[in-house]
>>> print(open('protein28.cif').read())   # mmCIF, C-alpha atoms and all ligand atoms
data_data
loop_
_atom_site.label_atom_id
_atom_site.label_comp_id
_atom_site.auth_asym_id
_atom_site.auth_seq_id
_atom_site.Cartn_x
_atom_site.Cartn_y
_atom_site.Cartn_z
CA MET C 264 21.17 -51.71 24.96
CA LYS C 265 22.89 -52.85 21.82
CA ARG C 266 26.57 -52.34 21.82
CA SER C 267 26.60 -50.21 18.70
CA THR C 268 24.39 -47.47 20.25
CA VAL C 269 26.76 -46.91 23.13
CA LEU C 270 29.34 -44.21 22.75
CA THR C 271 32.69 -45.88 22.29
CA GLU C 272 36.10 -44.88 21.16
CA LYS C 273 35.36 -46.39 17.76
CA ASN C 274 31.97 -44.89 16.89
CA ARG C 275 32.34 -41.46 18.48
CA GLY C 276 32.97 -39.94 15.05
CA THR C 277 29.49 -41.01 13.99
CA TRP C 278 27.93 -39.68 17.20
CA ALA C 279 29.67 -36.37 16.76
CA THR C 280 28.25 -36.10 13.27
CA VAL C 281 24.75 -36.89 14.52
CA PHE C 282 24.92 -34.22 17.22
CA ALA C 283 26.38 -31.66 14.89
CA ALA C 284 23.57 -32.34 12.42
CA LEU C 285 20.94 -31.93 15.14
CA ILE C 286 22.42 -28.68 16.35
CA LEU C 287 22.70 -27.26 12.85
CA LEU C 288 19.23 -28.39 11.78
CA PRO C 289 17.40 -25.17 12.76
CA LEU C 290 19.99 -23.11 10.92
CA VAL C 291 19.70 -25.21 7.80
CA LEU C 292 15.90 -25.02 7.94
CA SER C 293 15.93 -21.26 8.32
CA VAL C 294 18.28 -20.89 5.38
CA LEU C 295 16.07 -23.11 3.22
CA ARG C 296 12.84 -21.58 4.42
CA PRO C 297 12.32 -19.26 1.42
CA LEU C 298 11.97 -22.38 -0.72
CA TRP C 299 8.58 -23.22 0.68
CA ALA C 300 7.42 -19.99 2.35
CA ALA C 301 4.39 -18.54 0.59
CA GLU C 302 4.87 -15.30 -1.29
CA PRO C 303 3.88 -12.51 1.08
CA GLU C 304 0.69 -10.82 0.02
CA VAL C 305 1.25 -7.37 -1.40
CA PHE C 306 -0.54 -4.89 0.81
CA LEU C 307 -0.65 -1.85 -1.44
CA GLU C 308 -1.03 -2.01 -5.18
CA ALA C 309 2.14 -0.71 -6.81
CA PRO C 310 1.71 2.59 -8.61
CA ASP C 311 1.75 2.78 -12.40
CA ASP C 312 5.26 1.71 -13.31
CA ARG C 313 5.71 4.56 -15.75
CA TRP C 314 6.27 6.78 -12.73
CA GLU C 315 9.03 6.70 -10.19
CA ASN C 316 7.78 9.35 -7.85
CA CYS C 317 4.59 10.56 -6.33
CA LEU C 318 3.55 14.20 -6.34
CA LYS C 319 5.93 14.70 -3.45
CA ASP C 320 8.38 12.23 -2.01
CA ALA C 321 6.95 8.95 -0.84
CA GLU C 322 7.73 9.58 2.81
CA TYR C 323 5.79 12.85 2.75
CA MET C 324 2.93 11.23 0.83
CA ARG C 325 2.73 8.29 3.19
CA PHE C 326 2.16 10.46 6.22
CA HIS C 327 0.87 13.78 4.88
CA HIS C 328 -1.18 13.12 1.75
CA MET C 329 -4.25 14.32 3.61
CA ASP C 330 -2.63 17.69 4.23
CA LEU C 331 -1.75 17.99 0.57
CA LEU C 332 -5.32 17.16 -0.41
CA LYS C 333 -6.79 19.60 2.08
CA GLU C 334 -4.46 22.42 1.00
CA THR C 335 -5.32 21.75 -2.62
CA ARG C 336 -8.99 21.78 -1.83
CA GLU C 337 -8.60 25.13 -0.04
CA ASP C 338 -6.75 26.53 -3.04
CA VAL C 339 -9.45 25.41 -5.42
CA MET C 340 -12.50 26.21 -3.31
CA ARG C 341 -11.38 29.45 -1.69
CA ALA C 342 -8.84 30.89 -4.08
CA GLY C 343 -10.06 29.39 -7.33
CA ILE C 344 -6.61 28.13 -8.24
CA LYS C 345 -7.20 25.25 -10.62
CA GLY C 346 -5.27 23.01 -12.92
CA GLY C 347 -3.01 21.47 -10.31
CA ILE C 348 -3.46 18.40 -8.18
CA THR C 349 -6.88 16.79 -8.13
CA LEU C 350 -8.29 13.99 -6.06
CA ALA C 351 -9.37 12.10 -9.15
CA GLY C 352 -5.83 12.56 -10.48
CA CYS C 353 -4.45 10.21 -7.81
CA GLY C 354 -6.17 7.49 -9.83
CA ASP C 355 -3.95 8.15 -12.85
CA CYS C 356 -1.14 6.36 -11.07
CA HIS C 357 -2.83 4.51 -8.22
CA HIS C 358 -5.29 2.80 -10.52
CA ASN C 359 -7.39 0.81 -8.11
CA ARG C 360 -8.68 2.82 -5.20
CA GLU C 361 -9.70 -0.33 -3.40
CA LEU C 362 -6.19 -1.77 -3.35
CA PHE C 363 -4.54 1.48 -2.41
CA CYS C 364 -6.39 4.24 -0.57
CA ASP C 365 -9.19 2.07 0.78
CA ARG C 366 -6.92 -0.70 1.90
CA CYS C 367 -4.80 1.56 4.02
CA HIS C 368 -7.74 3.47 5.41
CA GLU C 369 -9.55 0.32 6.42
CA LYS C 370 -6.52 -0.77 8.41
CA ALA C 371 -6.30 2.65 10.02
CA SER C 372 -10.07 2.86 10.56
CA VAL C 373 -10.36 6.01 8.50
CA THR C 374 -13.56 6.56 6.53
CA LEU C 375 -13.67 9.09 3.75
CA ASP C 376 -16.78 10.64 2.28
CA CYS C 377 -15.11 12.01 -0.83
CA TRP C 378 -16.25 9.50 -3.43
CA GLY C 379 -19.82 10.63 -3.71
CA CYS C 380 -18.58 13.75 -5.46
CA HIS C 381 -15.11 12.92 -6.72
CA TYR C 382 -14.58 10.56 -9.62
CA TYR C 383 -12.14 7.95 -8.39
CA LEU C 384 -13.59 4.50 -8.85
CA THR C 385 -12.69 1.13 -7.47
CA GLU C 386 -12.09 -1.64 -9.99
CA GLN C 387 -15.48 -3.14 -9.21
CA GLU C 388 -17.27 0.16 -9.79
CA LEU C 389 -15.43 0.56 -13.08
CA GLU C 390 -16.48 -2.90 -14.20
CA GLU C 391 -20.09 -2.28 -13.25
CA LEU C 392 -20.02 0.97 -15.15
CA GLU C 393 -18.49 -0.58 -18.25
CA GLY C 394 -20.74 -3.64 -18.06
CA GLY C 395 -24.01 -1.83 -17.46
CA GLY C 396 -23.54 1.48 -19.20
CA GLU C 397 -24.39 0.82 -22.88
C1 LIG K 401 -20.43 17.38 -1.65
C2 LIG K 401 -19.50 17.08 -2.68
C3 LIG K 401 -18.02 16.92 -2.29
C4 LIG K 401 -17.49 16.09 -1.34
C5 LIG K 401 -18.21 15.11 -0.44
C6 LIG K 401 -16.06 16.29 -1.39
N1 LIG K 401 -15.76 17.23 -2.35
FE1 LIG K 401 -13.88 17.85 -2.86
N2 LIG K 401 -14.68 19.12 -4.19
C7 LIG K 401 -16.01 19.25 -4.48
C8 LIG K 401 -16.19 20.29 -5.49
C9 LIG K 401 -17.49 20.73 -6.11
C10 LIG K 401 -14.88 20.77 -5.80
C11 LIG K 401 -14.50 21.82 -6.79
C12 LIG K 401 -14.16 21.19 -8.09
C13 LIG K 401 -13.75 22.21 -9.10
O1 LIG K 401 -14.10 23.37 -8.94
O2 LIG K 401 -13.06 21.78 -10.03
C14 LIG K 401 -13.95 20.00 -4.97
C15 LIG K 401 -12.58 20.14 -5.03
C16 LIG K 401 -11.69 19.38 -4.31
C17 LIG K 401 -10.25 19.37 -4.51
C18 LIG K 401 -9.47 20.16 -5.52
C19 LIG K 401 -9.64 19.77 -7.00
C20 LIG K 401 -10.17 18.41 -7.31
O3 LIG K 401 -11.04 18.27 -8.19
O4 LIG K 401 -9.73 17.43 -6.70
C21 LIG K 401 -9.73 18.48 -3.63
C22 LIG K 401 -8.27 18.09 -3.46
C23 LIG K 401 -10.84 17.93 -2.89
N3 LIG K 401 -12.02 18.49 -3.32
C24 LIG K 401 -10.70 16.99 -1.91
C25 LIG K 401 -11.76 16.37 -1.28
C26 LIG K 401 -11.60 15.35 -0.27
C27 LIG K 401 -10.27 14.85 0.24
C28 LIG K 401 -12.84 14.95 0.09
C29 LIG K 401 -13.22 13.91 1.13
C30 LIG K 401 -12.63 14.08 2.44
C31 LIG K 401 -13.79 15.73 -0.69
N4 LIG K 401 -13.11 16.59 -1.50
C32 LIG K 401 -15.17 15.60 -0.61
C33 LIG K 401 -17.04 18.56 -3.93
C34 LIG K 401 -16.93 17.64 -2.92
C1 LIG K 402 2.23 10.65 -11.47
C2 LIG K 402 1.84 9.46 -10.76
C3 LIG K 402 1.25 9.62 -9.37
C4 LIG K 402 0.19 10.39 -8.97
C5 LIG K 402 -0.67 11.35 -9.83
C6 LIG K 402 -0.01 10.14 -7.57
N1 LIG K 402 0.91 9.24 -7.12
FE1 LIG K 402 1.14 8.59 -5.22
N2 LIG K 402 2.76 7.52 -5.75
C7 LIG K 402 3.28 7.43 -7.03
C8 LIG K 402 4.49 6.63 -7.00
C9 LIG K 402 5.36 6.28 -8.19
C10 LIG K 402 4.68 6.26 -5.63
C11 LIG K 402 5.82 5.41 -5.05
C12 LIG K 402 6.97 6.33 -4.75
C13 LIG K 402 8.13 5.63 -4.10
O1 LIG K 402 8.00 4.47 -3.70
O2 LIG K 402 9.16 6.29 -3.96
C14 LIG K 402 3.58 6.83 -4.88
C15 LIG K 402 3.41 6.69 -3.52
C16 LIG K 402 2.33 7.17 -2.80
C17 LIG K 402 2.09 6.96 -1.39
C18 LIG K 402 2.98 6.17 -0.46
C19 LIG K 402 2.61 4.72 -0.53
C20 LIG K 402 3.44 3.89 0.41
O3 LIG K 402 4.17 3.04 -0.07
O4 LIG K 402 3.33 4.10 1.62
C21 LIG K 402 0.91 7.57 -1.07
C22 LIG K 402 0.22 7.59 0.27
C23 LIG K 402 0.42 8.20 -2.27
N3 LIG K 402 1.30 7.93 -3.31
C24 LIG K 402 -0.74 8.92 -2.35
C25 LIG K 402 -1.15 9.63 -3.46
C26 LIG K 402 -2.27 10.54 -3.48
C27 LIG K 402 -3.18 10.83 -2.30
C28 LIG K 402 -2.35 11.05 -4.73
C29 LIG K 402 -3.31 12.09 -5.27
C30 LIG K 402 -3.31 13.37 -4.60
C31 LIG K 402 -1.26 10.47 -5.50
N4 LIG K 402 -0.55 9.61 -4.69
C32 LIG K 402 -1.00 10.74 -6.82
C33 LIG K 402 2.77 8.00 -8.15
C34 LIG K 402 1.72 8.89 -8.19
C1 LIG K 403 -0.01 4.24 3.54
C2 LIG K 403 -1.40 4.18 3.92
C3 LIG K 403 -2.35 5.11 3.19
C4 LIG K 403 -2.57 5.20 1.85
C5 LIG K 403 -1.94 4.39 0.75
C6 LIG K 403 -3.57 6.23 1.66
N1 LIG K 403 -3.92 6.75 2.88
FE1 LIG K 403 -5.14 8.35 3.17
N2 LIG K 403 -4.85 8.21 5.18
C7 LIG K 403 -4.06 7.28 5.82
C8 LIG K 403 -4.14 7.47 7.25
C9 LIG K 403 -3.41 6.65 8.29
C10 LIG K 403 -5.01 8.56 7.47
C11 LIG K 403 -5.47 9.15 8.80
C12 LIG K 403 -4.45 10.12 9.29
C13 LIG K 403 -4.91 10.87 10.51
O1 LIG K 403 -6.06 10.75 10.91
O2 LIG K 403 -4.05 11.58 11.02
C14 LIG K 403 -5.43 9.01 6.14
C15 LIG K 403 -6.26 10.08 5.92
C16 LIG K 403 -6.68 10.51 4.68
C17 LIG K 403 -7.53 11.65 4.46
C18 LIG K 403 -8.09 12.58 5.53
C19 LIG K 403 -9.32 11.96 6.13
C20 LIG K 403 -9.94 12.85 7.17
O3 LIG K 403 -11.14 12.69 7.40
O4 LIG K 403 -9.22 13.66 7.77
C21 LIG K 403 -7.72 11.74 3.11
C22 LIG K 403 -8.57 12.79 2.38
C23 LIG K 403 -7.01 10.64 2.49
N3 LIG K 403 -6.37 9.92 3.48
C24 LIG K 403 -6.99 10.40 1.13
C25 LIG K 403 -6.31 9.35 0.53
C26 LIG K 403 -6.37 9.02 -0.88
C27 LIG K 403 -7.19 9.75 -1.90
C28 LIG K 403 -5.55 7.95 -1.06
C29 LIG K 403 -5.27 7.18 -2.34
C30 LIG K 403 -4.83 7.95 -3.50
C31 LIG K 403 -4.98 7.62 0.22
N4 LIG K 403 -5.47 8.47 1.16
C32 LIG K 403 -4.08 6.60 0.43
C33 LIG K 403 -3.31 6.30 5.20
C34 LIG K 403 -3.21 6.09 3.84
#
>>> encode(input="protein28.cif", output="structure tokens", more="lines below")
Ligand code: HEC
Ligand code: HEC
Ligand code: HEC
Amino acid sequence: MKRSTVLTEKNRGTWATVFAALILLPLVLSVLRPLWAAEPEVFLEAPDDRWENCLKDAEYMRFHHMDLLKETREDVMRAGIKGGITLAGCGDCHHNRELFCDRCHEKASVTLDCWGCHYYLTEQELEELEGGGE
């Protein structure tokens, strides 16, 4: 072994620096990580930015939007109360069904059969309609 690689009184400062650098390396890397980490993919399309709130607070909507929709449907179908919330109206603020409702439902393995009757199109359907419907 060469003399200079052996820990001696003289070079121990250098060795200490090397060890300190090694020990701190993971910390430094984790601090710098955002510099090269890919942007996380946005899971849900953000709602229309003209609005700050949903029909009810976001927490309620996240977990209970189906109750709201079912109550509204009851009101309309059974009691004939109209002019309030509509299913198609969700699309006023959540523009692309595919990147909002569908995305979440796919993950949760929920299938809806609403879209045959209710007008709430995905972006692709809209494009097809605009492209083909002269
Ligand atoms: C067979 C056709 C059909 C299907 C499928 C259907 N609906 Fe409806 N829905 C209607 C009709 C017709 C009305 C009454 C519309 C009116 O009178 O304005 C209505 C009204 C509603 C309303 C109240 C007002 C409105 O226009 O949104 C809600 C909410 C609703 N449905 C939710 C749903 C949901 C959620 C699903 C899927 C789970 C669904 N519907 C599936 C036909 C359907
Ligand atoms: C007037 C615009 C508007 C309408 C109409 C609207 N939303 Fe929202 N929605 C928002 C906004 C804004 C947020 C985000 C609120 C927040 O982050 O505090 C939101 C959030 C949500 C969330 C929670 C998303 C999450 O981050 O987990 C759900 C679920 C939701 N909306 C469902 C619906 C449904 C279903 C309808 C139709 C019945 C609807 N929204 C109609 C504006 C709207
Ligand atoms: C944050 C995720 C999320 C978003 C966004 C979301 N949903 Fe849902 N939705 C769910 C989950 C999870 C369920 C199933 C809940 C259960 O079975 O208890 C569900 C259930 C439903 C149901 C009831 C289905 C049934 O057969 O009982 C309807 C109707 C519905 N969602 C409509 C919508 C509409 C319309 C939108 C878009 C405007 C939307 N959802 C956006 C997560 C979401």
>>> closest_residue(input="protein28.cif", among="C:Leu362, C:Ala309, C:Ala351, C:Leu392", to="C:Cys380", atoms="all atoms listed in the file")
C:Ala351
>>> residues_near_ligand(input="protein28.cif", ligand="ligand LIG 401 (chain K)", cutoff="12 Å", atoms="all atoms listed in the file", output="number ranges by chain")
C: 328-354, 364, 373-383
>>> atom_distance(input="protein28.cif", atom1="atom CA of C:Cys317", atom2="atom CA of C:Arg360")
15.4 Å
>>> atom_distance(input="protein28.cif", atom1="atom CA of C:Phe306", atom2="atom C1 of ligand LIG 403 (chain K)")
9.5 Å
>>> closest_residue(input="protein28.cif", among="C:Glu304, C:Glu369, C:Glu361, C:Asp320", to="ligand LIG 402 (chain K)", atoms="all atoms listed in the file")
C:Asp320
>>> axis_aligned_box(input="protein28.cif", around="ligand LIG 403 (chain K)", padding_each_side="8 Å", output="AutoDock Vina command-line options")
--center_x -5.6 --center_y 8.9 --center_z 3.8 --size_x 27.1 --size_y 25.5 --size_z 30.5
>>> atom_distance(input="protein28.cif", atom1="atom CA of C:Trp314", atom2="atom C26 of ligand LIG 403 (chain K)")
17.5 Å
